[in-house]
Structures are given as C-alpha cells and as structure tokens.
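In what follows, a structure is listed as structure tokens, so that the remarks can point back to it.
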Amino acid sequence: MAQVVHGGVTDEELEQAHARNCELVDLSASLNPYGPHPEVVAAASAANVHRYPEADAHTLRRRYAEAAGLEPAQVLAGNGSTELLYLL
C-alpha cells in the first residue's frame, strides 16, 4: 500500500485525475487561499499572549454557554478537535 502524505496534490496526481489545467483549492491541509479575515487579525493583535490561558477555559465556556443558552458545564473546550474527541 502506498504511503499517504498529508496535504498537497502532486503534479502526477493531477495528471492521473485529468485535472492538470484546472483551478483547484486544496483543502487537505487546512489551507486558506484568502488568508485570515481582517477581524481575526485585529483580535489576534489585541490578544494578551503574555500569560497562559485558564486551565479549564472557564471564561470561554461561560461566554459560549451564555450565547447558546446553556450552562458552562455543558460546553467542552479543548486544544483542537483531536483533544476534544479524546476528552469525549
């Protein structure tokens, strides 16, 4: 079995798919051809990155809970989808 490499499509793969001259958007590696939204850039620039976040993400969970009409205990926060799946 051939090893699968995450992200990117090779010229050979495009040739085999008869897609060499097609305009493609590669979503296999979470690539965004448009870059971050200006509001995301502004929020990241204003973020306080000089301290660790809350270990239990209480503030984040509380705010999401309020927005969704839930209790904070009903909201799960983690460092990416893989961690959340393991926590579940």
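A note on labels: chains of the structure tokens are A, B, ... as shown, every chain counts residues from 1, and ligands are counted from 1 in their shown order.
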List every residue of chain A that DSSP, applied to the backbone of this structure, assigns to alpha helix (DSSP H), and report them as a PyMOL selection string. chain A and resi 11-16+38-46+58-68+81-87
Can you pull out every residue within 12 Å of stretch 49-57 of chain A, counting only C-alpha atoms, but drop anything in the same chain fewer than 5 positions away, and send it as number ranges by chain? A: 43-44, 62-65, 72-73, 75-79
When you draw a straight line from atom CA of A:Ser81 to atom CA of A:Tyr34, how long is it in Å? 22.7 Å
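As for atom CA of A:Asn32 and atom CA of A:Leu85, they are spaced 23.9 Å apart.
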note - atom CA of A:Leu84 and atom CA of A:Leu60 are separated by 14.9 Å
